[in-house]
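> Pasting data12.cif below, which is mmCIF, C-alpha atoms and all ligand atoms.
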data_coords
loop_
_atom_site.group_PDB
_atom_site.id
_atom_site.type_symbol
_atom_site.label_atom_id
_atom_site.label_comp_id
_atom_site.auth_asym_id
_atom_site.auth_seq_id
_atom_site.Cartn_x
_atom_site.Cartn_y
_atom_site.Cartn_z
ATOM 1 C CA MET A 4 -22.608 -4.621 -89.925
ATOM 2 C CA LYS A 5 -22.333 -1.166 -88.316
ATOM 3 C CA VAL A 6 -19.647 1.339 -89.273
ATOM 4 C CA PHE A 7 -18.410 3.954 -86.782
ATOM 5 C CA ALA A 8 -16.029 6.838 -87.430
ATOM 6 C CA GLY A 9 -13.386 8.105 -85.065
ATOM 7 C CA SER A 10 -12.922 11.855 -85.301
ATOM 8 C CA ALA A 11 -9.645 11.465 -87.249
ATOM 9 C CA SER A 12 -11.279 9.564 -90.126
ATOM 10 C CA LYS A 13 -14.848 10.773 -90.707
ATOM 11 C CA PRO A 14 -14.612 11.370 -94.497
ATOM 12 C CA LEU A 15 -12.971 7.994 -95.139
ATOM 13 C CA ALA A 16 -15.416 6.169 -92.827
ATOM 14 C CA GLN A 17 -18.298 7.829 -94.667
ATOM 15 C CA LYS A 18 -16.939 6.627 -98.026
ATOM 16 C CA VAL A 19 -16.444 3.107 -96.665
ATOM 17 C CA ALA A 20 -19.986 3.007 -95.236
ATOM 18 C CA HIS A 21 -21.363 4.285 -98.544
ATOM 19 C CA ALA A 22 -19.417 1.631 -100.489
ATOM 20 C CA ILE A 23 -21.011 -1.155 -98.413
ATOM 21 C CA ALA A 24 -24.445 0.485 -98.652
ATOM 22 C CA LYS A 25 -24.662 1.553 -94.992
ATOM 23 C CA GLU A 26 -25.126 4.805 -93.109
ATOM 24 C CA LEU A 27 -22.479 5.759 -90.561
ATOM 25 C CA SER A 28 -23.587 4.753 -87.056
ATOM 26 C CA GLN A 29 -23.674 7.395 -84.367
ATOM 27 C CA ILE A 30 -21.130 8.098 -81.638
ATOM 28 C CA GLU A 31 -21.261 10.943 -79.141
ATOM 29 C CA LEU A 32 -17.878 12.409 -78.330
ATOM 30 C CA HIS A 33 -17.658 14.922 -75.522
ATOM 31 C CA ILE A 34 -14.357 16.641 -74.795
ATOM 32 C CA PHE A 35 -13.961 18.076 -71.309
ATOM 33 C CA PRO A 36 -12.184 21.421 -70.859
ATOM 34 C CA ASP A 37 -9.018 19.599 -69.755
ATOM 35 C CA GLY A 38 -8.992 17.500 -72.952
ATOM 36 C CA GLU A 39 -10.326 14.246 -71.478
ATOM 37 C CA LYS A 40 -12.943 12.511 -73.619
ATOM 38 C CA ARG A 41 -16.249 10.833 -72.972
ATOM 39 C CA VAL A 42 -17.379 8.454 -75.705
ATOM 40 C CA ARG A 43 -20.880 7.042 -76.049
ATOM 41 C CA VAL A 44 -22.186 4.674 -78.700
ATOM 42 C CA VAL A 45 -25.663 5.869 -79.630
ATOM 43 C CA ASP A 46 -26.770 3.053 -81.987
ATOM 44 C CA LYS A 47 -27.731 -0.353 -80.600
ATOM 45 C CA VAL A 48 -24.926 -2.835 -81.279
ATOM 46 C CA ILE A 49 -25.970 -6.000 -79.417
ATOM 47 C CA ASP A 50 -24.670 -9.018 -81.389
ATOM 48 C CA GLU A 51 -23.559 -6.727 -84.211
ATOM 49 C CA ASP A 52 -20.446 -6.952 -86.335
ATOM 50 C CA CYS A 53 -18.956 -3.469 -85.700
ATOM 51 C CA VAL A 54 -16.294 -1.594 -87.642
ATOM 52 C CA VAL A 55 -14.441 1.457 -86.309
ATOM 53 C CA VAL A 56 -12.427 3.570 -88.722
ATOM 54 C CA GLN A 57 -9.799 5.663 -86.974
ATOM 55 C CA SER A 58 -6.415 6.673 -88.342
ATOM 56 C CA THR A 59 -3.725 7.304 -85.769
ATOM 57 C CA SER A 60 -1.469 9.947 -87.231
ATOM 58 C CA THR A 61 -0.991 13.378 -85.644
ATOM 59 C CA ASN A 62 -1.989 13.497 -82.828
ATOM 60 C CA ALA A 63 -1.303 9.764 -82.461
ATOM 61 C CA ASP A 64 -1.860 9.624 -78.698
ATOM 62 C CA LYS A 65 -5.169 11.479 -78.858
ATOM 63 C CA ASN A 66 -6.427 9.383 -81.767
ATOM 64 C CA TYR A 67 -5.407 6.105 -80.154
ATOM 65 C CA MET A 68 -7.108 6.997 -76.847
ATOM 66 C CA GLU A 69 -10.302 7.841 -78.729
ATOM 67 C CA LEU A 70 -10.135 4.533 -80.604
ATOM 68 C CA PHE A 71 -9.608 2.638 -77.336
ATOM 69 C CA PHE A 72 -12.645 4.331 -75.779
ATOM 70 C CA ILE A 73 -14.844 3.608 -78.818
ATOM 71 C CA VAL A 74 -13.815 -0.059 -78.749
ATOM 72 C CA ASP A 75 -14.527 -0.230 -75.009
ATOM 73 C CA ALA A 76 -17.932 1.409 -75.484
ATOM 74 C CA LEU A 77 -18.818 -1.061 -78.263
ATOM 75 C CA LYS A 78 -17.693 -4.038 -76.206
ATOM 76 C CA ARG A 79 -19.709 -2.917 -73.165
ATOM 77 C CA SER A 80 -22.732 -2.337 -75.395
ATOM 78 C CA GLY A 81 -22.711 -5.949 -76.603
ATOM 79 C CA ALA A 82 -20.919 -5.839 -79.967
ATOM 80 C CA LYS A 83 -20.210 -9.347 -81.229
ATOM 81 C CA LYS A 84 -17.136 -8.563 -83.290
ATOM 82 C CA ILE A 85 -15.003 -5.444 -83.560
ATOM 83 C CA THR A 86 -12.898 -4.670 -86.612
ATOM 84 C CA ALA A 87 -10.554 -1.735 -86.151
ATOM 85 C CA VAL A 88 -9.747 -0.111 -89.475
ATOM 86 C CA ILE A 89 -6.552 1.784 -88.663
ATOM 87 C CA PRO A 90 -5.534 2.960 -92.139
ATOM 88 C CA TYR A 91 -2.347 4.501 -90.747
ATOM 89 C CA LEU A 92 -1.023 2.527 -87.789
ATOM 90 C CA GLY A 93 0.680 5.091 -85.578
ATOM 91 C CA TYR A 94 3.901 4.131 -83.785
ATOM 92 C CA GLN A 95 4.701 1.511 -86.419
ATOM 93 C CA ARG A 96 8.164 2.995 -86.905
ATOM 94 C CA GLN A 97 9.068 2.061 -83.308
ATOM 95 C CA ASP A 98 8.562 -1.668 -83.862
ATOM 96 C CA HIS A 99 11.774 -2.748 -82.162
ATOM 97 C CA VAL A 100 14.572 -1.444 -79.966
ATOM 98 C CA PHE A 101 16.927 0.573 -82.179
ATOM 99 C CA ARG A 102 19.192 1.715 -79.348
ATOM 100 C CA ASP A 103 19.557 0.368 -75.788
ATOM 101 C CA GLY A 104 16.971 1.745 -73.405
ATOM 102 C CA GLU A 105 14.186 2.449 -75.916
ATOM 103 C CA ALA A 106 10.518 1.464 -75.531
ATOM 104 C CA VAL A 107 8.823 -0.662 -78.201
ATOM 105 C CA SER A 108 5.863 1.660 -78.653
ATOM 106 C CA LEU A 109 4.130 -0.486 -81.266
ATOM 107 C CA GLU A 110 4.024 -3.452 -78.900
ATOM 108 C CA VAL A 111 2.286 -1.305 -76.285
ATOM 109 C CA ILE A 112 -0.351 -0.312 -78.859
ATOM 110 C CA ILE A 113 -0.906 -3.922 -79.937
ATOM 111 C CA LYS A 114 -1.347 -5.035 -76.299
ATOM 112 C CA MET A 115 -3.962 -2.326 -75.787
ATOM 113 C CA LEU A 116 -5.952 -3.224 -78.910
ATOM 114 C CA GLU A 117 -5.975 -6.913 -78.032
ATOM 115 C CA ALA A 118 -6.738 -6.411 -74.340
ATOM 116 C CA LEU A 119 -9.716 -4.220 -75.222
ATOM 117 C CA GLY A 120 -11.209 -6.930 -77.398
ATOM 118 C CA VAL A 121 -10.502 -5.877 -80.982
ATOM 119 C CA ASN A 122 -11.013 -8.989 -83.130
ATOM 120 C CA LYS A 123 -9.415 -7.894 -86.378
ATOM 121 C CA VAL A 124 -7.342 -4.997 -87.716
ATOM 122 C CA ILE A 125 -7.336 -3.654 -91.274
ATOM 123 C CA THR A 126 -4.422 -1.406 -92.122
ATOM 124 C CA PHE A 127 -2.347 -0.141 -95.057
ATOM 125 C CA ASP A 128 1.245 -0.219 -96.193
ATOM 126 C CA LEU A 129 2.998 -0.957 -92.955
ATOM 127 C CA HIS A 130 6.556 0.143 -92.631
ATOM 128 C CA SER A 131 7.630 -3.471 -92.133
ATOM 129 C CA ILE A 132 5.893 -6.624 -93.422
ATOM 130 C CA LYS A 133 6.741 -8.314 -90.122
ATOM 131 C CA ILE A 134 4.348 -6.109 -88.123
ATOM 132 C CA PRO A 135 1.219 -8.327 -88.604
ATOM 133 C CA GLU A 136 3.170 -11.177 -86.954
ATOM 134 C CA PHE A 137 3.386 -9.157 -83.711
ATOM 135 C CA PHE A 138 -0.415 -9.366 -83.330
ATOM 136 C CA LYS A 139 -2.304 -12.372 -81.980
ATOM 137 C CA ILE A 140 -5.488 -11.254 -83.770
ATOM 138 C CA PRO A 141 -5.796 -11.317 -87.593
ATOM 139 C CA VAL A 142 -4.374 -8.308 -89.414
ATOM 140 C CA VAL A 143 -5.377 -7.537 -92.990
ATOM 141 C CA HIS A 144 -2.440 -5.697 -94.503
ATOM 142 C CA LEU A 145 -3.643 -3.857 -97.601
ATOM 143 C CA SER A 146 -1.558 -1.827 -100.007
ATOM 144 C CA ALA A 147 -2.111 1.288 -102.084
ATOM 145 C CA LEU A 148 0.352 0.040 -104.710
ATOM 146 C CA PRO A 149 -2.418 -1.122 -107.126
ATOM 147 C CA LEU A 150 -3.907 2.409 -106.973
ATOM 148 C CA PHE A 151 -0.490 3.893 -107.719
ATOM 149 C CA ALA A 152 0.052 1.468 -110.602
ATOM 150 C CA GLU A 153 -3.238 2.560 -112.209
ATOM 151 C CA LYS A 154 -2.188 6.214 -111.923
ATOM 152 C CA ILE A 155 1.316 5.601 -113.278
ATOM 153 C CA LYS A 156 -0.153 3.838 -116.336
ATOM 154 C CA LYS A 157 -2.144 6.985 -117.121
ATOM 155 C CA ILE A 158 0.778 9.438 -116.841
ATOM 156 C CA ASP A 159 2.258 10.394 -120.189
ATOM 157 C CA SER A 160 5.898 9.732 -119.401
ATOM 158 C CA GLY A 161 7.440 8.899 -122.782
ATOM 159 C CA THR A 162 9.706 5.877 -122.841
ATOM 160 C CA ASP A 163 12.567 6.660 -120.449
ATOM 161 C CA TYR A 164 10.859 6.214 -117.074
ATOM 162 C CA PHE A 165 11.622 4.243 -113.911
ATOM 163 C CA LEU A 166 10.469 3.597 -110.351
ATOM 164 C CA VAL A 167 12.520 4.787 -107.395
ATOM 165 C CA SER A 168 12.565 3.830 -103.738
ATOM 166 C CA PRO A 169 14.024 6.712 -101.708
ATOM 167 C CA ASP A 170 15.594 4.238 -99.280
ATOM 168 C CA MET A 171 16.801 0.641 -99.216
ATOM 169 C CA GLY A 172 13.938 -0.287 -96.840
ATOM 170 C CA GLY A 173 11.508 0.312 -99.706
ATOM 171 C CA THR A 174 13.167 -2.156 -102.102
ATOM 172 C CA ARG A 175 10.512 -4.834 -101.585
ATOM 173 C CA ARG A 176 7.738 -2.300 -102.238
ATOM 174 C CA ILE A 177 9.343 -1.066 -105.452
ATOM 175 C CA LYS A 178 9.888 -4.628 -106.731
ATOM 176 C CA ILE A 179 6.190 -5.440 -106.210
ATOM 177 C CA LEU A 180 5.152 -2.287 -108.053
ATOM 178 C CA SER A 181 7.593 -3.051 -110.852
ATOM 179 C CA GLU A 182 5.982 -6.484 -111.242
ATOM 180 C CA ILE A 183 2.470 -4.990 -111.345
ATOM 181 C CA LEU A 184 3.739 -2.641 -114.069
ATOM 182 C CA ASN A 185 5.169 -5.365 -116.315
ATOM 183 C CA ASN A 186 8.676 -5.193 -114.872
ATOM 184 C CA MET A 187 9.123 -1.447 -115.090
ATOM 185 C CA PRO A 188 12.806 -0.652 -114.382
ATOM 186 C CA TYR A 189 13.586 0.521 -110.871
ATOM 187 C CA ALA A 190 16.295 2.056 -108.747
ATOM 188 C CA THR A 191 16.938 2.380 -105.020
ATOM 189 C CA ILE A 192 18.569 5.266 -103.202
ATOM 190 C CA GLU A 193 20.933 4.763 -100.291
ATOM 191 C CA LYS A 194 19.672 6.883 -97.401
ATOM 192 C CA ASP A 195 21.002 7.322 -93.889
ATOM 193 C CA ARG A 196 19.179 8.955 -91.026
ATOM 194 C CA ASP A 197 20.915 10.057 -87.842
ATOM 195 C CA LEU A 198 18.680 8.506 -85.170
ATOM 196 C CA LYS A 199 19.377 11.316 -82.696
ATOM 197 C CA SER A 200 19.054 14.392 -84.913
ATOM 198 C CA GLY A 201 16.769 12.873 -87.580
ATOM 199 C CA LYS A 202 19.059 14.394 -90.277
ATOM 200 C CA ILE A 203 18.893 12.619 -93.629
ATOM 201 C CA GLU A 204 21.721 11.954 -96.054
ATOM 202 C CA VAL A 205 21.366 10.325 -99.440
ATOM 203 C CA SER A 206 24.479 9.075 -101.145
ATOM 204 C CA GLU A 207 23.995 6.800 -104.126
ATOM 205 C CA ILE A 208 21.453 5.491 -106.625
ATOM 206 C CA HIS A 209 21.532 1.784 -107.394
ATOM 207 C CA GLY A 210 19.822 0.507 -110.532
ATOM 208 C CA ASN A 211 18.369 1.940 -113.721
ATOM 209 C CA VAL A 212 18.110 5.729 -113.995
ATOM 210 C CA GLY A 213 15.939 7.314 -116.693
ATOM 211 C CA LYS A 214 14.468 10.744 -117.411
ATOM 212 C CA VAL A 215 11.123 10.419 -115.617
ATOM 213 C CA ALA A 216 11.121 9.108 -112.030
ATOM 214 C CA PHE A 217 8.163 7.721 -110.104
ATOM 215 C CA VAL A 218 9.313 7.901 -106.486
ATOM 216 C CA VAL A 219 7.344 5.573 -104.204
ATOM 217 C CA ASP A 220 7.391 5.579 -100.398
ATOM 218 C CA ASP A 221 5.154 4.337 -97.583
ATOM 219 C CA MET A 222 4.810 7.723 -95.915
ATOM 220 C CA ILE A 223 5.825 11.351 -96.119
ATOM 221 C CA SER A 224 6.443 12.968 -92.763
ATOM 222 C CA THR A 225 8.631 16.088 -92.970
ATOM 223 C CA GLY A 226 9.147 15.658 -96.725
ATOM 224 C CA ASN A 227 12.932 15.710 -96.230
ATOM 225 C CA THR A 228 13.417 12.190 -97.645
ATOM 226 C CA ILE A 229 11.565 13.137 -100.840
ATOM 227 C CA VAL A 230 13.447 16.411 -101.249
ATOM 228 C CA ALA A 231 16.825 14.743 -100.685
ATOM 229 C CA ALA A 232 15.902 12.013 -103.184
ATOM 230 C CA ALA A 233 14.693 14.582 -105.724
ATOM 231 C CA GLU A 234 17.938 16.557 -105.467
ATOM 232 C CA LEU A 235 20.007 13.419 -106.042
ATOM 233 C CA LEU A 236 17.813 12.353 -108.966
ATOM 234 C CA ASN A 237 18.039 15.802 -110.574
ATOM 235 C CA LYS A 238 21.833 15.710 -110.228
ATOM 236 C CA ASN A 239 21.750 12.398 -112.060
ATOM 237 C CA GLY A 240 19.895 13.800 -115.060
ATOM 238 C CA VAL A 241 16.266 13.092 -114.104
ATOM 239 C CA LYS A 242 13.960 15.696 -115.670
ATOM 240 C CA ARG A 243 10.555 14.903 -114.143
ATOM 241 C CA ILE A 244 9.772 13.506 -110.682
ATOM 242 C CA VAL A 245 6.328 12.277 -109.652
ATOM 243 C CA VAL A 246 5.910 11.119 -106.053
ATOM 244 C CA PHE A 247 3.590 8.434 -104.648
ATOM 245 C CA ALA A 248 3.261 7.842 -100.900
ATOM 246 C CA THR A 249 0.489 5.999 -99.093
ATOM 247 C CA HIS A 250 0.400 7.970 -95.845
ATOM 248 C CA PRO A 251 0.414 11.789 -95.841
ATOM 249 C CA VAL A 252 1.700 12.245 -92.288
ATOM 250 C CA PHE A 253 2.813 15.778 -93.287
ATOM 251 C CA SER A 254 4.482 17.012 -90.126
ATOM 252 C CA GLY A 255 5.910 20.499 -89.672
ATOM 253 C CA ASN A 256 6.433 22.341 -92.964
ATOM 254 C CA ALA A 257 5.992 19.288 -95.191
ATOM 255 C CA ALA A 258 3.374 20.947 -97.418
ATOM 256 C CA LYS A 259 5.564 23.990 -98.128
ATOM 257 C CA THR A 260 8.684 21.832 -98.502
ATOM 258 C CA LEU A 261 6.995 19.616 -101.104
ATOM 259 C CA GLN A 262 5.287 22.460 -102.976
ATOM 260 C CA GLU A 263 8.612 24.320 -103.292
ATOM 261 C CA SER A 264 10.599 21.217 -104.279
ATOM 262 C CA SER A 265 11.479 20.147 -107.804
ATOM 263 C CA VAL A 266 8.859 17.375 -107.767
ATOM 264 C CA GLU A 267 6.072 17.779 -110.309
ATOM 265 C CA LYS A 268 3.239 16.111 -108.407
ATOM 266 C CA VAL A 269 2.627 14.303 -105.110
ATOM 267 C CA PHE A 270 0.016 11.522 -105.012
ATOM 268 C CA VAL A 271 -1.026 10.284 -101.562
ATOM 269 C CA THR A 272 -4.064 8.437 -100.211
ATOM 270 C CA ASP A 273 -6.768 9.240 -97.683
ATOM 271 C CA THR A 274 -5.417 6.842 -95.022
ATOM 272 C CA ILE A 275 -4.794 10.108 -93.163
ATOM 273 C CA ALA A 276 -7.181 13.037 -93.550
ATOM 274 C CA ILE A 277 -5.231 16.119 -94.644
ATOM 275 C CA PRO A 278 -6.296 19.367 -92.972
ATOM 276 C CA LYS A 279 -6.854 22.366 -95.299
ATOM 277 C CA GLU A 280 -3.717 24.146 -94.126
ATOM 278 C CA LYS A 281 -1.599 21.130 -95.175
ATOM 279 C CA GLN A 282 -2.993 20.860 -98.685
ATOM 280 C CA PHE A 283 -0.979 22.261 -101.588
ATOM 281 C CA LYS A 284 -1.229 22.678 -105.351
ATOM 282 C CA LYS A 285 0.945 19.738 -106.379
ATOM 283 C CA LEU A 286 -1.038 17.348 -104.166
ATOM 284 C CA GLU A 287 -3.608 14.787 -105.334
ATOM 285 C CA VAL A 288 -5.395 12.376 -102.982
ATOM 286 C CA LEU A 289 -6.474 8.882 -104.075
ATOM 287 C CA SER A 290 -9.013 6.981 -101.978
ATOM 288 C CA VAL A 291 -8.513 3.590 -100.326
ATOM 289 C CA ALA A 292 -12.208 3.373 -99.333
ATOM 290 C CA GLU A 293 -13.110 0.811 -102.015
ATOM 291 C CA MET A 294 -10.299 -1.499 -100.915
ATOM 292 C CA ILE A 295 -11.501 -1.428 -97.306
ATOM 293 C CA ALA A 296 -15.095 -1.915 -98.434
ATOM 294 C CA LYS A 297 -14.111 -4.940 -100.523
ATOM 295 C CA ASN A 298 -12.632 -6.639 -97.451
ATOM 296 C CA LEU A 299 -15.659 -5.783 -95.312
ATOM 297 C CA LYS A 300 -18.029 -7.129 -97.978
ATOM 298 C CA THR A 301 -16.179 -10.451 -97.861
ATOM 299 C CA GLN A 302 -16.426 -10.388 -94.055
ATOM 300 C CA MET A 303 -20.195 -9.798 -94.315
ATOM 301 C CA SER A 304 -20.734 -12.584 -96.817
ATOM 302 C CA ASN A 305 -18.624 -15.004 -94.702
ATOM 303 C CA VAL A 306 -20.845 -14.241 -91.700
ATOM 304 C CA LYS A 307 -23.976 -14.814 -93.824
ATOM 305 C CA SER A 308 -22.817 -18.130 -95.201
ATOM 306 C CA ALA A 309 -21.777 -19.325 -91.705
ATOM 307 C CA SER A 310 -25.186 -18.542 -90.178
HETATM 308 C C1 LIG A 401 11.325 5.814 -93.684
HETATM 309 O O1 LIG A 401 12.081 4.891 -93.736
HETATM 310 C C2 LIG A 401 10.032 5.924 -94.416
HETATM 311 O O2 LIG A 401 9.893 4.967 -95.418
HETATM 312 C C3 LIG A 401 9.868 7.315 -94.993
HETATM 313 O O3 LIG A 401 10.823 7.488 -96.020
HETATM 314 C C4 LIG A 401 10.086 8.365 -93.962
HETATM 315 O O4 LIG A 401 9.334 8.108 -92.807
HETATM 316 C C5 LIG A 401 9.735 9.739 -94.499
HETATM 317 O O5 LIG A 401 10.018 10.684 -93.509
HETATM 318 P P1 LIG A 401 10.344 12.183 -93.884
HETATM 319 O O6 LIG A 401 9.278 12.666 -94.815
HETATM 320 O O7 LIG A 401 10.322 12.901 -92.552
HETATM 321 O O8 LIG A 401 11.699 12.231 -94.473
#
Would you kindly transcribe this structure into structure tokens?
Ligand code: R5P

Amino acid sequence: MKVFAGSASKPLAQKVAHAIAKELSQIELHIFPDGEKRVRVVDKVIDEDCVVVQSTSTNADKNYMELFFIVDALKRSGAKKITAVIPYLGYQRQDHVFRDGEAVSLEVIIKMLEALGVNKVITFDLHSIKIPEFFKIPVVHLSALPLFAEKIKKIDSGTDYFLVSPDMGGTRRIKILSEILNNMPYATIEKDRDLKSGKIEVSEIHGNVGKVAFVVDDMISTGNTIVAAAELLNKNGVKRIVVFATHPVFSGNAAKTLQESSVEKVFVTDTIAIPKEKQFKKLEVLSVAEMIAKNLKTQMSNVKSAS
């Protein structure tokens, strides 16, 4: 097996390669003055099982194009199988038509990946559990929830604690986490987002409310959902708020917004590499590398036993 890193995911790809006892394989990436890219696979990949790790958050278009070119280069160079590890699957939020006249961006991405010859996708905490069904190729949908559960167990939170989903869409996620944590009580917040302006309104909390809240979401983009949830929780007597989100999309002023909010700590994962200027004091990053490596190890041993 050979592991390649797209430029959006070098540190994670390095950790994954290390965890399966491999060195990262080499890619040359040349960017022309107008921004176009030339990709070249340096290592020999004939009949190899190849893995490309490339997250597709900001800038999603740029990162996707690079991934497409790497896959094409591998295919042309004779790779036998290509696994695209896309820890954050960009455009997943546009998985259907919300209003007449919209494009289904995710479907376009899926068509591209399949047409280029990707054989398998590994990804994390998709916005909707239906997304893997849109692919014709196998999709391994992993979750950071077990990592979050381990962390929550270690936080000294007294006895009056609960899990919170900041929107109704996260109810399934929060129920799974509650089960992992021996039926920890949970609550769900009612959130509305104006599709045109993006403005968020939270109205009500359904479920058990305690003093310490573990807010769990799939991603943080602007941070507005978390801040709105935190304000509502504080109004309802919550004293401490610890946030867990798989994907640190962190657009705009998210870092400042979160640092200045009433939340005590923000745990995210390395599905998206966070640039220095978007890191902040309350932030802690947990790694998903071992989970990816575990799946790849199984893939390697399946290939061995089949040959
Ligand atoms: C939306 O339904 C997602 O689960 C997240 O809550 C949302 O994408 C977060 O976005 P933002 O940080 O911009 O409020």
> Find the residues around stretch 96-101 of chain A up to 8 Å (all atoms listed in the file counted), leave out those fewer than 4 positions away in its own chain, and share them as a list in words.
Glu105, Ala106, Val107, Ser108, Leu109, Glu110, His130 and Ile134 of chain A
> Go ahead and dump the residues you just picked, C-alpha atoms, as an mmCIF file, in the coordinates of the input.

data_model
loop_
_atom_site.group_PDB
_atom_site.id
_atom_site.type_symbol
_atom_site.label_atom_id
_atom_site.label_comp_id
_atom_site.auth_asym_id
_atom_site.auth_seq_id
_atom_site.Cartn_x
_atom_site.Cartn_y
_atom_site.Cartn_z
ATOM 1 C CA GLU A 105 14.186 2.449 -75.916
ATOM 2 C CA ALA A 106 10.518 1.464 -75.531
ATOM 3 C CA VAL A 107 8.823 -0.662 -78.201
ATOM 4 C CA SER A 108 5.863 1.660 -78.653
ATOM 5 C CA LEU A 109 4.130 -0.486 -81.266
ATOM 6 C CA GLU A 110 4.024 -3.452 -78.900
ATOM 7 C CA HIS A 130 6.556 0.143 -92.631
ATOM 8 C CA ILE A 134 4.348 -6.109 -88.123
#
> Do you know which residues the PyMOL selection byres (((not hetatm)) within 6 of (chain A and resi 401)) returns on this file, as number ranges by chain?
A: 220-228
> Please write the residues picked by the PyMOL selection byres (((chain A and resi 136-148) around 8) and not hetatm) on this file as an MDAnalysis selection string.
chainID A and resid 110 113 117 121:129 133:135 149:152 180 249 272 291 294
> Under the PyMOL selection byres (((chain A and resi 251) around 10) and not hetatm), which residues of this model are included? Write them out as number ranges by chain.
A: 60, 91, 221-226, 247-250, 252-254, 257-258, 269-277, 281, 288
> How big is the axis-aligned box around the listed atoms of stretch 106-109 of chain A once 3 Å is added on each side, and where is its centre? Give both in Å to one decimal, as JSON.

{"center_x": 7.3, "center_y": 0.5, "center_z": -78.4, "size_x": 12.4, "size_y": 8.3, "size_z": 11.7}
> If you count only C-alpha atoms, which residues fall within 12 Å of A:Ser304, apart from same-chain ones fewer than 6 positions away, as a VMD selection string?
chain A and resid 4 23 52 297 to 298 310
> If you measure from atom CA of A:Gly172 to atom CA of A:Glu234, what distance in Å do you get, rounded to one decimal?
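Interatomic distance here is 19.3 Å.
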> May I have the residues within 10 Å of A:Val42 as a PyMOL selection string, using all atoms listed in the file and disregarding those fewer than 5 positions away in the same chain?
chain A and resi 30-34+69-77
> Between A:Arg41, A:Lys238, A:Lys5, A:Lys178, which is the closest to A:Met68 once you count only C-alpha atoms?
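Closest to A:Met68, using only C-alpha atoms: A:Arg41.
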> Would you compute the distance between atom CA of A:Ala11 and atom CA of A:Gln302? Give it in Å to one decimal.
23.9 Å
> Find, counting only C-alpha atoms, the residue in A:Lys114, A:Val48, A:Asp103, A:Gly93 that gets nearest to A:Lys78.
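Counting only C-alpha atoms, the residue closest to A:Lys78 is A:Val48.
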> Which residues of stretch 232-267 of chain A have any atom within 10 Å of an atom in stretch 161-167 of chain A when counting all atoms listed in the file, and what is the closest pair of atoms for each, with the distance in Å to one decimal? Order the rows by chain and rising number and write it as JSON lines.

{"residue": "A:Ala232", "atom": "CA", "partner": "A:Val167", "partner_atom": "CA", "distance": 9.0}
{"residue": "A:Leu236", "atom": "CA", "partner": "A:Val167", "partner_atom": "CA", "distance": 9.4}
{"residue": "A:Val241", "atom": "CA", "partner": "A:Tyr164", "partner_atom": "CA", "distance": 9.2}
{"residue": "A:Arg243", "atom": "CA", "partner": "A:Tyr164", "partner_atom": "CA", "distance": 9.2}
{"residue": "A:Ile244", "atom": "CA", "partner": "A:Val167", "partner_atom": "CA", "distance": 9.7}
{"residue": "A:Val245", "atom": "CA", "partner": "A:Leu166", "partner_atom": "CA", "distance": 9.6}
{"residue": "A:Val246", "atom": "CA", "partner": "A:Val167", "partner_atom": "CA", "distance": 9.3}
> For the point (24.8, 9.8, -98.9) in the file's frame, write as a ChimeraX atom specification all residues with an atom no more than 12 Å away, counting only C-alpha atoms.
/A:169-170,192-197,202-208,228,231-232,234-235
> In Å, rounded to a single decimal, give me how far atom CA of A:Ser12 is from atom CA of A:Ile179.
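Value for the atom CA of A:Ile179-atom CA of A:Ser12 distance: 28.1 Å.
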> Of the residues A:Lys300, A:Asn239, A:Lys279, A:Ile49, which is the one nearest to A:Ala20, using only C-alpha atoms?
A:Lys300
> Extract, using all atoms listed in the file, all DNA, RNA and protein residues at most 8 Å from A:Gly240, discarding same-chain residues fewer than 3 positions from it, and format them as a PyMOL selection string.
chain A and resi 213-214+236-237
> What would stretch 291-297 of chain A look like with N, CA, C and O atoms in place, written as a PDB file, in the coordinates of the input?

ATOM      1  N   VAL A 291      -8.641   5.030-100.608  1.00  0.00           N
ATOM      2  CA  VAL A 291      -8.513   3.590-100.326  1.00  0.00           C
ATOM      3  C   VAL A 291      -9.854   2.995 -99.875  1.00  0.00           C
ATOM      4  O   VAL A 291      -9.925   1.815 -99.509  1.00  0.00           O
ATOM      5  N   ALA A 292     -10.908   3.811 -99.881  1.00  0.00           N
ATOM      6  CA  ALA A 292     -12.208   3.373 -99.333  1.00  0.00           C
ATOM      7  C   ALA A 292     -12.708   2.086 -99.987  1.00  0.00           C
ATOM      8  O   ALA A 292     -13.182   1.172 -99.296  1.00  0.00           O
ATOM      9  N   GLU A 293     -12.594   2.000-101.310  1.00  0.00           N
ATOM     10  CA  GLU A 293     -13.110   0.811-102.015  1.00  0.00           C
ATOM     11  C   GLU A 293     -12.375  -0.452-101.591  1.00  0.00           C
ATOM     12  O   GLU A 293     -12.956  -1.528-101.512  1.00  0.00           O
ATOM     13  N   MET A 294     -11.085  -0.315-101.320  1.00  0.00           N
ATOM     14  CA  MET A 294     -10.299  -1.499-100.915  1.00  0.00           C
ATOM     15  C   MET A 294     -10.749  -1.988 -99.541  1.00  0.00           C
ATOM     16  O   MET A 294     -10.862  -3.186 -99.292  1.00  0.00           O
ATOM     17  N   ILE A 295     -11.016  -1.046 -98.646  1.00  0.00           N
ATOM     18  CA  ILE A 295     -11.501  -1.428 -97.306  1.00  0.00           C
ATOM     19  C   ILE A 295     -12.880  -2.067 -97.442  1.00  0.00           C
ATOM     20  O   ILE A 295     -13.165  -3.118 -96.855  1.00  0.00           O
ATOM     21  N   ALA A 296     -13.723  -1.422 -98.254  1.00  0.00           N
ATOM     22  CA  ALA A 296     -15.095  -1.915 -98.434  1.00  0.00           C
ATOM     23  C   ALA A 296     -15.092  -3.333 -98.989  1.00  0.00           C
ATOM     24  O   ALA A 296     -15.895  -4.178 -98.572  1.00  0.00           O
ATOM     25  N   LYS A 297     -14.176  -3.600 -99.915  1.00  0.00           N
ATOM     26  CA  LYS A 297     -14.111  -4.940-100.523  1.00  0.00           C
ATOM     27  C   LYS A 297     -13.848  -5.986 -99.440  1.00  0.00           C
ATOM     28  O   LYS A 297     -14.500  -7.033 -99.393  1.00  0.00           O
TER      29      LYS A 297
END
